[in-house]
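S.K.: target-v5.pdb is the file, holding PDB, C-alpha atoms:
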ATOM      1  CA  MET V   1      51.298 -96.524  12.256  1.00  0.00           C
ATOM      2  CA  ILE V   2      51.232 -93.669  14.747  1.00  0.00           C
ATOM      3  CA  GLU V   3      48.915 -90.669  14.463  1.00  0.00           C
ATOM      4  CA  GLU V   4      50.388 -87.404  15.722  1.00  0.00           C
ATOM      5  CA  ASN V   5      48.759 -83.999  15.534  1.00  0.00           C
ATOM      6  CA  THR V   6      47.418 -83.842  12.002  1.00  0.00           C
ATOM      7  CA  TYR V   7      49.838 -86.155  10.288  1.00  0.00           C
ATOM      8  CA  LEU V   8      50.430 -89.896  10.226  1.00  0.00           C
ATOM      9  CA  ILE V   9      53.696 -91.668  10.880  1.00  0.00           C
ATOM     10  CA  VAL V  10      54.398 -94.736   8.771  1.00  0.00           C
ATOM     11  CA  GLN V  11      57.268 -96.961   9.863  1.00  0.00           C
ATOM     12  CA  THR V  12      56.447-100.351   8.333  1.00  0.00           C
ATOM     13  CA  VAL V  13      54.735-101.928   5.335  1.00  0.00           C
ATOM     14  CA  GLU V  14      52.110-103.170   7.803  1.00  0.00           C
ATOM     15  CA  ASP V  15      51.376 -99.521   8.668  1.00  0.00           C
ATOM     16  CA  THR V  16      50.656 -98.818   5.008  1.00  0.00           C
ATOM     17  CA  ASP V  17      48.432-101.905   4.849  1.00  0.00           C
ATOM     18  CA  ARG V  18      46.438-100.708   7.881  1.00  0.00           C
ATOM     19  CA  LEU V  19      45.985 -97.259   6.378  1.00  0.00           C
ATOM     20  CA  MET V  20      44.893 -98.714   3.042  1.00  0.00           C
ATOM     21  CA  ALA V  21      42.363-100.893   4.902  1.00  0.00           C
ATOM     22  CA  LYS V  22      40.879 -97.739   6.471  1.00  0.00           C
ATOM     23  CA  VAL V  23      40.597 -96.140   3.030  1.00  0.00           C
ATOM     24  CA  TRP V  24      38.895 -99.282   1.722  1.00  0.00           C
ATOM     25  CA  GLU V  25      36.419 -99.325   4.649  1.00  0.00           C
ATOM     26  CA  ALA V  26      35.417 -95.710   4.009  1.00  0.00           C
ATOM     27  CA  ALA V  27      34.954 -96.481   0.305  1.00  0.00           C
ATOM     28  CA  GLU V  28      32.812 -99.487   1.208  1.00  0.00           C
ATOM     29  CA  SER V  29      30.607 -97.276   3.405  1.00  0.00           C
ATOM     30  CA  ALA V  30      30.110 -94.861   0.520  1.00  0.00           C
ATOM     31  CA  GLN V  31      29.318 -97.734  -1.831  1.00  0.00           C
ATOM     32  CA  LYS V  32      26.656 -99.016   0.568  1.00  0.00           C
ATOM     33  CA  TRP V  33      25.067 -95.565   0.817  1.00  0.00           C
ATOM     34  CA  ILE V  34      24.956 -95.247  -2.979  1.00  0.00           C
ATOM     35  CA  GLY V  35      23.336 -98.684  -3.191  1.00  0.00           C
ATOM     36  CA  THR V  36      20.441 -97.530  -0.989  1.00  0.00           C
ATOM     37  CA  GLN V  37      19.583 -94.568  -3.193  1.00  0.00           C
ATOM     38  CA  THR V  38      16.365 -94.606  -5.204  1.00  0.00           C
ATOM     39  CA  GLY V  39      14.127 -91.945  -6.638  1.00  0.00           C
ATOM     40  CA  ASP V  40      15.142 -88.703  -8.302  1.00  0.00           C
ATOM     41  CA  PRO V  41      18.680 -89.107  -9.718  1.00  0.00           C
ATOM     42  CA  LEU V  42      19.294 -85.361  -9.700  1.00  0.00           C
ATOM     43  CA  ASP V  43      18.465 -85.271  -5.987  1.00  0.00           C
ATOM     44  CA  MET V  44      20.991 -88.052  -5.388  1.00  0.00           C
ATOM     45  CA  ILE V  45      23.661 -86.081  -7.259  1.00  0.00           C
ATOM     46  CA  ARG V  46      22.761 -82.999  -5.173  1.00  0.00           C
ATOM     47  CA  ARG V  47      23.181 -84.997  -1.970  1.00  0.00           C
ATOM     48  CA  ILE V  48      26.547 -86.370  -3.147  1.00  0.00           C
ATOM     49  CA  LYS V  49      27.774 -82.824  -3.771  1.00  0.00           C
ATOM     50  CA  PHE V  50      26.294 -80.945  -0.811  1.00  0.00           C
ATOM     51  CA  GLU V  51      25.423 -83.316   2.037  1.00  0.00           C
ATOM     52  CA  SER V  52      27.728 -85.178   4.404  1.00  0.00           C
ATOM     53  CA  VAL V  53      26.885 -88.633   3.082  1.00  0.00           C
ATOM     54  CA  GLY V  54      30.523 -89.659   2.571  1.00  0.00           C
ATOM     55  CA  PHE V  55      33.370 -90.435   4.947  1.00  0.00           C
ATOM     56  CA  HIS V  56      36.948 -89.258   5.403  1.00  0.00           C
ATOM     57  CA  PRO V  57      39.210 -92.079   4.166  1.00  0.00           C
ATOM     58  CA  ILE V  58      41.268 -92.290   7.381  1.00  0.00           C
ATOM     59  CA  ASP V  59      39.239 -91.056  10.352  1.00  0.00           C
ATOM     60  CA  HIS V  60      35.791 -91.779   8.872  1.00  0.00           C
ATOM     61  CA  ARG V  61      34.255 -88.432   9.888  1.00  0.00           C
ATOM     62  CA  SER V  62      31.418 -87.246   7.670  1.00  0.00           C
ATOM     63  CA  LEU V  63      32.178 -85.500   4.381  1.00  0.00           C
ATOM     64  CA  ASN V  64      30.310 -84.870   1.187  1.00  0.00           C
ATOM     65  CA  LEU V  65      30.960 -87.704  -1.227  1.00  0.00           C
ATOM     66  CA  ILE V  66      32.828 -85.533  -3.739  1.00  0.00           C
ATOM     67  CA  GLU V  67      35.328 -84.598  -1.019  1.00  0.00           C
ATOM     68  CA  GLN V  68      35.601 -88.260  -0.009  1.00  0.00           C
ATOM     69  CA  ILE V  69      36.549 -89.139  -3.576  1.00  0.00           C
ATOM     70  CA  ASN V  70      39.191 -86.415  -3.690  1.00  0.00           C
ATOM     71  CA  GLN V  71      40.598 -87.265  -0.248  1.00  0.00           C
ATOM     72  CA  THR V  72      40.566 -91.001  -0.985  1.00  0.00           C
ATOM     73  CA  TRP V  73      42.886 -90.678  -3.952  1.00  0.00           C
ATOM     74  CA  THR V  74      45.064 -88.124  -2.175  1.00  0.00           C
ATOM     75  CA  PHE V  75      45.631 -90.611   0.643  1.00  0.00           C
ATOM     76  CA  VAL V  76      45.996 -93.619  -1.673  1.00  0.00           C
ATOM     77  CA  VAL V  77      48.866 -91.900  -3.506  1.00  0.00           C
ATOM     78  CA  ALA V  78      50.572 -90.834  -0.259  1.00  0.00           C
ATOM     79  CA  ILE V  79      50.225 -94.308   1.279  1.00  0.00           C
ATOM     80  CA  SER V  80      51.497 -95.971  -1.906  1.00  0.00           C
ATOM     81  CA  ALA V  81      54.423 -93.541  -2.027  1.00  0.00           C
ATOM     82  CA  ALA V  82      55.240 -94.234   1.640  1.00  0.00           C
ATOM     83  CA  ARG V  83      55.256 -97.945   0.870  1.00  0.00           C
ATOM     84  CA  GLN V  84      57.757 -97.312  -1.928  1.00  0.00           C
ATOM     85  CA  PHE V  85      59.846 -95.096   0.358  1.00  0.00           C
ATOM     86  CA  LEU V  86      60.132 -97.895   2.913  1.00  0.00           C
ATOM     87  CA  LYS V  87      61.976 -99.835   0.188  1.00  0.00           C
ATOM     88  CA  LEU V  88      64.000 -96.915  -1.166  1.00  0.00           C
ATOM     89  CA  HIS V  89      64.981 -95.414   2.196  1.00  0.00           C
ATOM     90  CA  PRO V  90      64.668 -98.055   4.942  1.00  0.00           C
ATOM     91  CA  ASP V  91      67.142 -96.234   7.177  1.00  0.00           C
ATOM     92  CA  VAL V  92      65.314 -92.942   7.807  1.00  0.00           C
ATOM     93  CA  GLY V  93      63.091 -94.082  10.691  1.00  0.00           C
ATOM     94  CA  GLY V  94      59.802 -93.868   8.860  1.00  0.00           C
ATOM     95  CA  PHE V  95      57.807 -91.125   7.210  1.00  0.00           C
ATOM     96  CA  ARG V  96      55.322 -88.419   8.192  1.00  0.00           C
ATOM     97  CA  LEU V  97      52.309 -88.200   5.884  1.00  0.00           C
ATOM     98  CA  ALA V  98      50.081 -85.146   5.641  1.00  0.00           C
ATOM     99  CA  PRO V  99      48.690 -85.069   2.118  1.00  0.00           C
ATOM    100  CA  GLY V 100      46.126 -82.566   0.962  1.00  0.00           C
ATOM    101  CA  ALA V 101      45.397 -78.888   0.932  1.00  0.00           C
ATOM    102  CA  HIS V 102      45.035 -78.522   4.712  1.00  0.00           C
ATOM    103  CA  ALA V 103      48.202 -80.415   5.594  1.00  0.00           C
ATOM    104  CA  SER V 104      50.217 -79.714   8.718  1.00  0.00           C
ATOM    105  CA  LEU V 105      53.632 -80.316   7.132  1.00  0.00           C
ATOM    106  CA  PRO V 106      55.492 -78.291   4.503  1.00  0.00           C
ATOM    107  CA  LEU V 107      55.401 -81.329   2.176  1.00  0.00           C
ATOM    108  CA  ASP V 108      52.962 -84.221   1.741  1.00  0.00           C
ATOM    109  CA  ILE V 109      55.580 -86.743   2.914  1.00  0.00           C
ATOM    110  CA  MET V 110      58.693 -86.091   4.967  1.00  0.00           C
ATOM    111  CA  SER V 111      61.192 -88.503   6.499  1.00  0.00           C
ATOM    112  CA  GLU V 112      61.305 -88.813  10.271  1.00  0.00           C
ATOM    113  CA  LYS V 113      64.987 -87.908  10.024  1.00  0.00           C
ATOM    114  CA  ASP V 114      64.814 -84.248   9.064  1.00  0.00           C
ATOM    115  CA  GLY V 115      66.350 -83.141   5.817  1.00  0.00           C
ATOM    116  CA  LEU V 116      66.612 -86.526   4.139  1.00  0.00           C
ATOM    117  CA  VAL V 117      63.420 -87.260   2.163  1.00  0.00           C
ATOM    118  CA  GLY V 118      60.639 -84.964   1.006  1.00  0.00           C
ATOM    119  CA  ALA V 119      57.824 -85.538  -1.475  1.00  0.00           C
ATOM    120  CA  GLU V 120      54.733 -84.038  -2.978  1.00  0.00           C
ATOM    121  CA  THR V 121      51.924 -86.350  -4.094  1.00  0.00           C
ATOM    122  CA  PHE V 122      48.782 -86.072  -6.199  1.00  0.00           C
ATOM    123  CA  ALA V 123      46.174 -87.992  -8.176  1.00  0.00           C
ATOM    124  CA  ALA V 124      44.832 -86.677 -11.482  1.00  0.00           C
ATOM    125  CA  VAL V 125      43.481 -87.860 -14.794  1.00  0.00           C
ATOM    126  CA  SER V 126      46.690 -86.445 -16.267  1.00  0.00           C
ATOM    127  CA  PRO V 127      49.800 -85.183 -14.448  1.00  0.00           C
ATOM    128  CA  TYR V 128      49.566 -82.145 -16.731  1.00  0.00           C
ATOM    129  CA  ASN V 129      46.130 -81.135 -15.340  1.00  0.00           C
ATOM    130  CA  ASN V 130      46.309 -77.697 -13.734  1.00  0.00           C
ATOM    131  CA  ASP V 131      50.102 -77.808 -14.236  1.00  0.00           C
ATOM    132  CA  LYS V 132      50.197 -79.977 -11.115  1.00  0.00           C
ATOM    133  CA  ILE V 133      53.426 -81.801 -11.894  1.00  0.00           C
ATOM    134  CA  LYS V 134      55.092 -78.561 -12.936  1.00  0.00           C
ATOM    135  CA  ARG V 135      53.993 -76.792  -9.729  1.00  0.00           C
ATOM    136  CA  ASP V 136      55.129 -79.684  -7.504  1.00  0.00           C
ATOM    137  CA  LEU V 137      58.528 -79.817  -9.198  1.00  0.00           C
ATOM    138  CA  GLU V 138      58.866 -76.063  -8.732  1.00  0.00           C
ATOM    139  CA  LYS V 139      57.948 -76.328  -5.050  1.00  0.00           C
ATOM    140  CA  LEU V 140      60.498 -79.093  -4.471  1.00  0.00           C
ATOM    141  CA  LYS V 141      63.209 -77.270  -6.425  1.00  0.00           C
ATOM    142  CA  GLY V 142      63.662 -74.868  -3.533  1.00  0.00           C
ATOM    143  CA  ARG V 143      63.696 -77.548  -0.831  1.00  0.00           C
ATOM    144  CA  SER V 144      66.845 -78.697   0.960  1.00  0.00           C
ATOM    145  CA  GLU V 145      66.004 -82.396   1.467  1.00  0.00           C
ATOM    146  CA  LYS V 146      68.730 -84.693   0.183  1.00  0.00           C
ATOM    147  CA  TYR V 147      66.168 -86.823  -1.702  1.00  0.00           C
ATOM    148  CA  ARG V 148      63.204 -85.065  -3.324  1.00  0.00           C
ATOM    149  CA  TYR V 149      60.304 -86.746  -5.101  1.00  0.00           C
ATOM    150  CA  VAL V 150      56.976 -86.265  -6.798  1.00  0.00           C
ATOM    151  CA  PHE V 151      54.619 -89.259  -6.685  1.00  0.00           C
ATOM    152  CA  PHE V 152      51.429 -89.280  -8.722  1.00  0.00           C
ATOM    153  CA  MET V 153      48.607 -91.554  -9.793  1.00  0.00           C
ATOM    154  CA  SER V 154      47.097 -91.233 -13.252  1.00  0.00           C
ATOM    155  CA  PRO V 155      45.383 -93.690 -15.612  1.00  0.00           C
ATOM    156  CA  GLN V 156      47.765 -92.364 -18.278  1.00  0.00           C
ATOM    157  CA  PHE V 157      50.812 -93.648 -16.357  1.00  0.00           C
ATOM    158  CA  GLN V 158      49.941 -96.924 -14.690  1.00  0.00           C
ATOM    159  CA  GLY V 159      52.271 -98.963 -12.525  1.00  0.00           C
ATOM    160  CA  ASN V 160      54.715 -98.302  -9.725  1.00  0.00           C
ATOM    161  CA  GLU V 161      57.656 -96.975 -11.654  1.00  0.00           C
ATOM    162  CA  ARG V 162      60.050 -94.111 -12.006  1.00  0.00           C
ATOM    163  CA  ARG V 163      59.130 -91.596 -14.721  1.00  0.00           C
ATOM    164  CA  PRO V 164      62.397 -89.914 -15.788  1.00  0.00           C
ATOM    165  CA  GLN V 165      60.686 -87.976 -18.586  1.00  0.00           C
ATOM    166  CA  PHE V 166      59.278 -85.626 -15.920  1.00  0.00           C
ATOM    167  CA  GLU V 167      62.399 -85.281 -13.784  1.00  0.00           C
ATOM    168  CA  ARG V 168      64.450 -82.135 -13.363  1.00  0.00           C
ATOM    169  CA  ASP V 169      66.647 -80.408 -10.777  1.00  0.00           C
ATOM    170  CA  GLY V 170      67.521 -83.744  -9.154  1.00  0.00           C
ATOM    171  CA  ILE V 171      63.875 -84.494  -8.273  1.00  0.00           C
ATOM    172  CA  GLN V 172      62.714 -88.060  -8.972  1.00  0.00           C
ATOM    173  CA  VAL V 173      59.191 -88.591 -10.304  1.00  0.00           C
ATOM    174  CA  TRP V 174      57.277 -91.831  -9.792  1.00  0.00           C
ATOM    175  CA  SER V 175      53.841 -93.095 -10.751  1.00  0.00           C
ATOM    176  CA  VAL V 176      52.029 -95.381  -8.323  1.00  0.00           C
ATOM    177  CA  ASP V 177      49.036 -97.716  -8.339  1.00  0.00           C
ATOM    178  CA  VAL V 178      46.940 -99.081  -5.522  1.00  0.00           C
TER     179      VAL V 178
END
Spit out the file's structure as structure tokens when you get a sec.

M.R.:
Amino acid sequence: MIEENTYLIVQTVEDTDRLMAKVWEAAESAQKWIGTQTGDPLDMIRRIKFESVGFHPIDHRSLNLIEQINQTWTFVVAISAARQFLKLHPDVGGFRLAPGAHASLPLDIMSEKDGLVGAETFAAVSPYNNDKIKRDLEKLKGRSEKYRYVFFMSPQFQGNERRPQFERDGIQVWSVDV
């Protein structure tokens, strides 16, 4: 795993394992903080929302815990998708990952070899929430990558598997788990 600028490069399954270990460590730190909390429960909820008591899932800088939760699942989906891509496209030299709203790449995941693989990723209770799957498919529709994907995590669609019921315009859709 190589970090460049504001994206990560994943070239091996071991890279995905190392990234997932970082996510787990940040989650463990948040769990420990929660375990130390006593007193007014509303104050604890306020601190979770507004104070930097959480940790970024990859670089462990301080965040509020709500943002840690959101970023954690954003990264988990991208890392899980990259792991799947290493099986689907072993010949593209690895993948650049920059999931999230402040990403430095046009897509959440792009192959190291330009123009081959591009993907959007998200985690949601339902892939229909906020028309997320529809918006990601629309974004990818106009892209020129040879292989285009949407990867998502949702309790409604468990397992690492292709979800053809969502596919259109030659874009594959997959659900992933941790």

S.K.: Residues within 7 Å of V:Gln172, please, as a PyMOL selection string. Count only C-alpha atoms; anything in the same chain fewer than 2 positions from it doesn't count.

M.R.: chain V and resi 148-150+167+170+174

S.K.: Please identify all polymer residues within 9 Å of V:Lys22, counting all atoms listed in the file, omitting same-chain residues fewer than 4 positions from it, and present them as JSON, numbers by chain.

M.R.: {"V": [17, 18, 26, 27, 57, 58, 59, 60]}

S.K.: Considering only C-alpha atoms, return as a list in words whatever protein or nucleic-acid residues lie within 7 Å of V:Val77, sequence-local ones (same chain, fewer than 5 positions apart) excluded.

M.R.: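 The residues that qualify are Thr121, Phe122, Ala123, Phe152, Met153 and Val176 of chain V.
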
S.K.: Measuring atom to atom with all atoms listed in the file, identify which of V:Glu14, V:Asp136, V:Glu67, V:Asp43 is nearest to V:Ala30.

M.R.: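 Of the candidates, the smallest distance to V:Ala30 is held by V:Glu67.
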
S.K.: Could you list the residues chosen by the PyMOL selection byres ((chain V and resi 161) around 10) in this structure as a count of residues only?

M.R.: 14

S.K.: Pick out the residues sitting within 12 Å of V:Ser52, and hand them over as a PyMOL selection string; count all atoms listed in the file, and ignore anything fewer than 2 positions along from it in its own chain.

M.R.: chain V and resi 30+33+46-50+54-56+60-68

S.K.: Have a look at V:Ala124, V:Leu88, V:Leu140, V:Met20 and name the one nearest to V:Pro106; count only C-alpha atoms.

M.R.: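 Distance minimum relative to V:Pro106 lands on V:Leu140.
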
S.K.: Using only C-alpha atoms, which of V:Val117, V:Ile69, V:Val76, V:Val53 sits nearest V:Gly93?

M.R.: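 Smallest distance to V:Gly93 is found for V:Val117.
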